[in-house]
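Undergrad: Next comes target15.txt, compact mmCIF, C-alpha atoms and all ligand atoms:
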# COMPACT_ATOMS: atom_id res chain seq x y z
CA MET A 23 0.00 0.00 0.00
CA LEU A 24 2.71 2.52 0.92
CA ASP A 25 4.56 1.51 -2.25
CA GLU A 26 1.48 2.30 -4.30
CA ILE A 27 1.16 5.72 -2.68
CA ARG A 28 4.83 6.42 -3.42
CA ARG A 29 4.31 5.35 -7.04
CA GLU A 30 1.26 7.59 -7.31
CA LEU A 31 3.36 10.56 -6.12
CA GLY A 32 5.92 9.76 -8.80
CA ASP A 33 8.10 12.73 -9.76
CA CYS A 34 5.52 14.98 -8.15
CA GLN A 35 4.91 18.37 -9.78
CA ARG A 36 1.69 19.18 -7.92
CA CYS A 37 3.04 22.37 -6.30
CA ASN A 38 5.92 24.81 -6.68
CA LEU A 39 8.15 23.04 -4.18
CA CYS A 40 9.11 20.61 -6.96
CA SER A 41 11.17 23.34 -8.63
CA THR A 42 13.57 23.75 -5.67
CA ARG A 43 13.64 20.31 -4.03
CA LYS A 44 16.53 17.91 -4.48
CA ASN A 45 14.63 14.86 -3.25
CA LEU A 46 11.05 14.11 -2.40
CA VAL A 47 10.99 12.86 1.21
CA PHE A 48 8.20 10.30 1.36
CA GLY A 49 8.64 8.79 4.84
CA SER A 50 10.62 6.04 6.49
CA GLY A 51 10.24 3.24 8.98
CA ASN A 52 7.95 0.34 9.68
CA PRO A 53 4.96 0.14 7.32
CA ARG A 54 3.07 -1.72 10.08
CA ALA A 55 4.06 0.66 12.87
CA GLU A 56 1.76 1.07 15.85
CA LEU A 57 3.17 4.57 16.26
CA VAL A 58 3.62 7.23 13.56
CA PHE A 59 5.29 10.63 13.94
CA VAL A 60 4.23 13.39 11.57
CA GLY A 61 6.41 16.49 11.16
CA GLU A 62 6.11 19.61 9.04
CA GLY A 63 8.35 19.23 6.03
CA PRO A 64 11.91 18.32 5.05
CA GLY A 65 14.78 20.61 5.96
CA GLU A 66 18.13 20.87 4.18
CA ASN A 67 19.55 17.52 5.33
CA GLU A 68 16.32 15.66 4.65
CA ASP A 69 16.13 17.21 1.17
CA LEU A 70 19.69 16.07 0.44
CA GLN A 71 19.20 12.54 1.76
CA GLY A 72 15.54 11.94 0.89
CA VAL A 73 14.90 10.74 4.46
CA PRO A 74 12.79 12.52 7.13
CA PHE A 75 14.27 13.88 10.36
CA VAL A 76 17.97 13.27 9.80
CA GLY A 77 19.25 16.74 10.84
CA ALA A 78 19.55 18.25 14.33
CA ALA A 79 15.78 18.04 14.97
CA GLY A 80 15.97 14.45 13.72
CA ASP A 81 18.68 13.61 16.23
CA LEU A 82 16.42 14.85 19.00
CA LEU A 83 13.44 12.95 17.58
CA THR A 84 15.54 9.78 17.46
CA LYS A 85 16.41 10.30 21.15
CA MET A 86 12.75 10.86 21.99
CA ILE A 87 11.81 7.63 20.19
CA GLY A 88 14.56 5.77 22.09
CA ALA A 89 13.41 7.21 25.41
CA MET A 90 9.94 5.83 24.63
CA GLY A 91 11.37 2.33 24.36
CA TYR A 92 11.34 2.08 20.54
CA ARG A 93 13.98 1.95 17.85
CA ARG A 94 13.59 4.34 14.94
CA ASP A 95 12.86 1.36 12.68
CA ASP A 96 9.93 0.31 14.86
CA VAL A 97 7.96 3.47 14.12
CA TYR A 98 7.08 5.33 10.94
CA ILE A 99 8.11 8.96 10.35
CA CYS A 100 6.75 11.30 7.70
CA ASN A 101 5.81 14.92 7.12
CA VAL A 102 2.86 17.08 6.05
CA VAL A 103 4.73 18.29 2.94
CA LYS A 104 7.13 15.96 1.18
CA CYS A 105 9.38 18.55 -0.43
CA ARG A 106 11.53 21.15 1.28
CA PRO A 107 10.12 24.68 1.41
CA PRO A 108 13.01 26.94 0.30
CA GLY A 109 15.04 28.26 3.24
CA ASN A 110 12.82 26.19 5.54
CA ARG A 111 9.99 28.71 5.31
CA ASN A 112 6.56 27.55 6.42
CA PRO A 113 4.63 25.56 3.81
CA GLU A 114 2.00 27.64 1.97
CA PRO A 115 -1.65 26.57 2.21
CA GLU A 116 -1.70 25.43 -1.43
CA GLU A 117 1.42 23.31 -0.83
CA VAL A 118 -0.21 21.69 2.20
CA ALA A 119 -3.41 21.16 0.21
CA ALA A 120 -1.51 19.47 -2.64
CA CYS A 121 0.40 17.12 -0.35
CA GLU A 122 -2.05 16.39 2.43
CA PRO A 123 -4.00 13.66 0.57
CA PHE A 124 -0.80 11.61 0.42
CA LEU A 125 -0.20 11.96 4.17
CA ARG A 126 -3.79 10.89 4.81
CA ALA A 127 -3.31 7.94 2.47
CA GLN A 128 -0.11 6.93 4.30
CA LEU A 129 -1.89 6.95 7.66
CA ALA A 130 -4.83 5.02 6.21
CA ALA A 131 -2.41 2.41 4.86
CA ILE A 132 -0.42 2.04 8.09
CA GLN A 133 -3.41 2.24 10.48
CA PRO A 134 -1.24 2.92 13.55
CA LYS A 135 -2.66 2.84 17.08
CA VAL A 136 -1.32 6.34 17.76
CA VAL A 137 -0.21 9.32 15.66
CA VAL A 138 2.05 11.90 17.30
CA ALA A 139 1.68 15.24 15.53
CA LEU A 140 4.93 17.17 15.88
CA GLY A 141 4.24 20.89 15.97
CA LYS A 142 1.49 23.12 14.75
CA PHE A 143 1.51 22.22 11.05
CA ALA A 144 1.03 18.53 11.62
CA ALA A 145 -1.53 18.98 14.39
CA GLN A 146 -3.54 21.73 12.70
CA THR A 147 -3.49 20.03 9.30
CA LEU A 148 -4.56 16.58 10.49
CA LEU A 149 -7.15 17.92 12.92
CA ARG A 150 -8.35 20.78 10.68
CA ASP A 151 -8.17 22.91 13.81
CA SER A 152 -6.38 26.25 14.01
CA THR A 153 -6.00 26.20 17.81
CA PRO A 154 -2.37 27.10 18.76
CA ILE A 155 -0.06 24.15 19.46
CA THR A 156 0.46 25.44 23.00
CA ARG A 157 -3.21 24.59 23.64
CA LEU A 158 -3.48 21.51 21.43
CA ARG A 159 -0.48 19.74 22.92
CA GLY A 160 -0.95 17.17 25.61
CA ASN A 161 -4.62 16.59 24.77
CA TRP A 162 -5.74 13.37 23.09
CA ARG A 163 -7.72 13.83 19.89
CA THR A 164 -9.10 11.41 17.35
CA TYR A 165 -8.00 11.39 13.72
CA GLU A 166 -10.00 9.05 11.45
CA GLY A 167 -10.56 6.69 14.38
CA ILE A 168 -6.86 6.80 15.38
CA GLN A 169 -5.72 8.36 18.65
CA LEU A 170 -3.67 11.47 17.98
CA MET A 171 -1.42 13.28 20.44
CA PRO A 172 -0.22 16.75 19.44
CA THR A 173 3.11 17.81 20.94
CA PHE A 174 5.88 20.31 20.33
CA HIS A 175 8.10 19.98 17.25
CA PRO A 176 11.67 18.85 18.08
CA ALA A 177 13.08 21.92 16.27
CA TYR A 178 11.10 24.09 18.70
CA LEU A 179 12.41 22.02 21.63
CA LEU A 180 15.97 22.68 20.45
CA ARG A 181 15.24 26.40 20.62
CA SER A 182 13.24 26.16 23.86
CA PRO A 183 14.74 23.30 25.91
CA ALA A 184 12.67 24.24 28.96
CA GLU A 185 9.62 22.92 27.05
CA LYS A 186 11.12 19.42 26.78
CA ARG A 187 9.50 18.48 30.07
CA LYS A 188 6.02 19.11 28.62
CA ALA A 189 6.82 17.16 25.44
CA TRP A 190 8.03 14.24 27.56
CA GLU A 191 4.74 14.30 29.49
CA ASP A 192 2.92 14.06 26.14
CA LEU A 193 5.08 11.12 25.05
CA GLN A 194 4.58 9.39 28.39
CA ALA A 195 0.81 9.59 27.82
CA VAL A 196 1.41 7.90 24.44
CA MET A 197 3.57 5.19 26.07
CA LYS A 198 0.83 4.49 28.59
CA VAL A 199 -1.70 3.89 25.80
CA LEU A 200 0.79 1.68 23.91
CA GLY A 201 1.95 -0.19 27.03
CA LYS A 202 5.60 0.83 26.57
CA GLN A 203 8.26 1.13 29.25
CA PRO A 204 10.91 3.87 28.96
CA GLY A 205 14.03 2.89 26.99
CA SER A 206 17.60 3.90 27.73
N1 LIG B 301 11.54 19.03 10.44
C1 LIG B 301 10.41 18.40 10.00
O1 LIG B 301 9.30 18.83 10.28
N2 LIG B 301 10.55 17.33 9.25
C2 LIG B 301 11.73 16.81 8.91
O2 LIG B 301 11.76 15.80 8.21
C3 LIG B 301 12.88 17.46 9.38
C4 LIG B 301 12.76 18.57 10.14
Could you show the structure in this file as structure tokens?

TA:
Amino acid sequence: MLDEIRRELGDCQRCNLCSTRKNLVFGSGNPRAELVFVGEGPGENEDLQGVPFVGAAGDLLTKMIGAMGYRRDDVYICNVVKCRPPGNRNPEPEEVAACEPFLRAQLAAIQPKVVVALGKFAAQTLLRDSTPITRLRGNWRTYEGIQLMPTFHPAYLLRSPAEKRKAWEDLQAVMKVLGKQPGS
């Protein structure tokens, strides 16, 4: 199923991001994951490698996944937009609109038990709710019958380390639902 979605995307030209991207970043990890993380969009490193969350924010996300008792390969990681917005600007509404059906198709194919929405773009896009992430985070929501936990984006946590405690509380709520013990 994920392979079909990737094939359908092809050499995507559905929005302007195709003119500046180096690689389309589809997603990576376990296609049968019980836990999926959704970020905003590829940054420079992800664009170069074609893999999500491999830069500084990715290192922190990998640590967060480890602290939850998973390996990166156990979970699935993807983004709202699959091509890098130039200079890491925010994705434009038409870019989100062009890409969002593919994210929804990925989640429908994987059918995880829990989706963690990293930051405002992922949370607001999936929930179609413009409430600020500061108010969304930490509160369980339902996305297409799947439990969804909004939390802070790791790039924000790198800039605001004092907020890590709240993000960890959110991830602990996820672990409780999934029956996971903290990793090392
Ligand atoms: N930030 C994101 O939202 N996604 C990535 O893949 C990398 C950084």

Undergrad: Using all atoms listed in the file, determine which residues fall within 12 Å of ligand LIG 301 (chain B), then list them as a count of residues only.

TA: 60

Undergrad: Could you tell me how far CA of Gln169 (chain A) lies from CA of Val137 (chain A), in Å and to one decimal?

TA: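 Between these atoms lies a distance of 6.3 Å.
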
Undergrad: Quick check, in Å to one decimal: how far apart do CA of Val58 (chain A) and CA of Ile87 (chain A) lie?

TA: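 Between CA of Val58 (chain A) and CA of Ile87 (chain A) the gap works out to 10.5 Å.
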
Undergrad: Kindly indicate which residue among A:Arg159, A:Arg150, A:Arg43, A:Lys198 lies nearest to Val138 (chain A), using all atoms listed in the file for the distances.

TA: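 Among the listed residues, A:Arg159 lies closest to Val138 (chain A).
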
Undergrad: Interatomic distance between CA of Gln146 (chain A) and CA of Ala131 (chain A)?

TA: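 The value is 20.9 Å.
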
Undergrad: Which residue is closest to Lys85 (chain A)? Choose from A:Lys202, A:Arg29, A:Lys186, A:Lys135 and count all atoms listed in the file.

TA: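 The shortest atom-to-atom distance to Lys85 (chain A) comes from A:Lys186.
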
Undergrad: Nearest to Leu57 (chain A): which of A:Tyr92, A:Tyr165, A:Phe124, A:Trp190 is it, counting only C-alpha atoms?

TA: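 When distances to Leu57 (chain A) are compared using only C-alpha atoms, the smallest one comes from A:Tyr92.
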
Undergrad: With distances taken over only C-alpha atoms, which of A:Val97, A:Glu185, A:Pro115, A:Leu129 is nearest to Met23 (chain A)?

TA: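 Smallest separation from Met23 (chain A) among the options: A:Leu129.
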
Undergrad: So that all listed atoms of region 80-92 of chain A fit with 8 Å spare on each side, what axis-aligned box centre and edge lengths in Å, to one decimal, would you give as JSON?

TA:
{"center_x": 14.3, "center_y": 8.5, "center_z": 19.6, "size_x": 24.7, "size_y": 28.8, "size_z": 27.7}

Undergrad: Using only C-alpha atoms, find each residue of region 109-188 of chain A with at least one atom at most 12 Å away from an atom of region 30-34 of chain A; report its shortest atom-to-atom pair and that distance in Å (one decimal), sort the rows by chain and rising residue number, and return the result as a tab-separated table.

TA:
residue	atom	partner	partner_atom	distance
A:Glu117	CA	A:Cys34	CA	11.8
A:Ala120	CA	A:Cys34	CA	10.0
A:Cys121	CA	A:Leu31	CA	9.2
A:Glu122	CA	A:Leu31	CA	11.7
A:Pro123	CA	A:Leu31	CA	10.4
A:Phe124	CA	A:Leu31	CA	7.8
A:Leu125	CA	A:Leu31	CA	11.0
A:Ala127	CA	A:Glu30	CA	10.8
A:Gln128	CA	A:Leu31	CA	11.6

Undergrad: Counting all atoms listed in the file, which of A:Cys37, A:Ile27, A:Met197, A:Ile168 gets nearest to Ala89 (chain A)?

TA: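 The answer is A:Met197, which sits nearest to Ala89 (chain A).
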
Undergrad: If you count only C-alpha atoms, which residues fall within 10 Å of Thr164 (chain A), apart from same-chain ones fewer than 2 positions away, as a PyMOL selection string?

TA: chain A and resi 136-137+148-149+162+166-171

Undergrad: Kindly indicate which residue among A:Ala189, A:Asp95, A:Gln203, A:Arg126 lies nearest to Ile155 (chain A), using all atoms listed in the file for the distances.

TA: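 When distances to Ile155 (chain A) are compared using all atoms listed in the file, the smallest one comes from A:Ala189.
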
Undergrad: How about completing region 53-75 of chain A with N, CA and C atoms and giving it to me as a tab-separated table (two decimals), in the frame of the given file?

TA:
chain	number	residue	atom	x	y	z
A	53	PRO	N	6.26	-0.07	7.94
A	53	PRO	CA	4.96	0.14	7.32
A	53	PRO	C	3.79	-0.41	8.15
A	54	ARG	N	4.12	-1.21	9.19
A	54	ARG	CA	3.07	-1.72	10.08
A	54	ARG	C	3.20	-1.11	11.48
A	55	ALA	N	3.78	0.06	11.56
A	55	ALA	CA	4.06	0.66	12.87
A	55	ALA	C	2.78	0.89	13.67
A	56	GLU	N	2.90	0.69	14.99
A	56	GLU	CA	1.76	1.07	15.85
A	56	GLU	C	1.81	2.55	16.19
A	57	LEU	N	2.97	3.17	15.91
A	57	LEU	CA	3.17	4.57	16.26
A	57	LEU	C	3.77	5.32	15.06
A	58	VAL	N	3.13	6.41	14.67
A	58	VAL	CA	3.62	7.23	13.56
A	58	VAL	C	3.85	8.66	14.05
A	59	PHE	N	4.99	9.23	13.67
A	59	PHE	CA	5.29	10.63	13.94
A	59	PHE	C	5.12	11.43	12.65
A	60	VAL	N	4.42	12.54	12.75
A	60	VAL	CA	4.23	13.39	11.57
A	60	VAL	C	4.83	14.77	11.86
A	61	GLY	N	5.78	15.17	11.03
A	61	GLY	CA	6.41	16.49	11.16
A	61	GLY	C	5.85	17.45	10.13
A	62	GLU	N	6.61	18.52	9.92
A	62	GLU	CA	6.11	19.61	9.04
A	62	GLU	C	6.54	19.40	7.59
A	63	GLY	N	7.83	19.38	7.38
A	63	GLY	CA	8.35	19.23	6.03
A	63	GLY	C	9.85	19.08	6.09
A	64	PRO	N	10.46	18.56	5.03
A	64	PRO	CA	11.91	18.32	5.05
A	64	PRO	C	12.70	19.62	5.21
A	65	GLY	N	13.81	19.53	5.91
A	65	GLY	CA	14.78	20.61	5.96
A	65	GLY	C	15.91	20.30	4.97
A	66	GLU	N	17.02	21.00	5.15
A	66	GLU	CA	18.13	20.87	4.18
A	66	GLU	C	18.68	19.44	4.13
A	67	ASN	N	18.95	18.87	5.31
A	67	ASN	CA	19.55	17.52	5.33
A	67	ASN	C	18.60	16.48	4.77
A	68	GLU	N	17.33	16.62	5.12
A	68	GLU	CA	16.32	15.66	4.65
A	68	GLU	C	16.19	15.76	3.13
A	69	ASP	N	16.22	16.98	2.62
A	69	ASP	CA	16.13	17.21	1.17
A	69	ASP	C	17.31	16.55	0.44
A	70	LEU	N	18.48	16.66	1.06
A	70	LEU	CA	19.69	16.07	0.44
A	70	LEU	C	19.65	14.55	0.47
A	71	GLN	N	19.15	14.00	1.59
A	71	GLN	CA	19.20	12.54	1.76
A	71	GLN	C	17.91	11.82	1.34
A	72	GLY	N	16.82	12.57	1.23
A	72	GLY	CA	15.54	11.94	0.89
A	72	GLY	C	14.93	11.15	2.03
A	73	VAL	N	15.36	11.47	3.27
A	73	VAL	CA	14.90	10.74	4.46
A	73	VAL	C	14.43	11.78	5.49
A	74	PRO	N	13.28	11.54	6.17
A	74	PRO	CA	12.79	12.52	7.13
A	74	PRO	C	13.62	12.55	8.42
A	75	PHE	N	13.68	13.71	9.02
A	75	PHE	CA	14.27	13.88	10.36
A	75	PHE	C	15.66	13.25	10.49
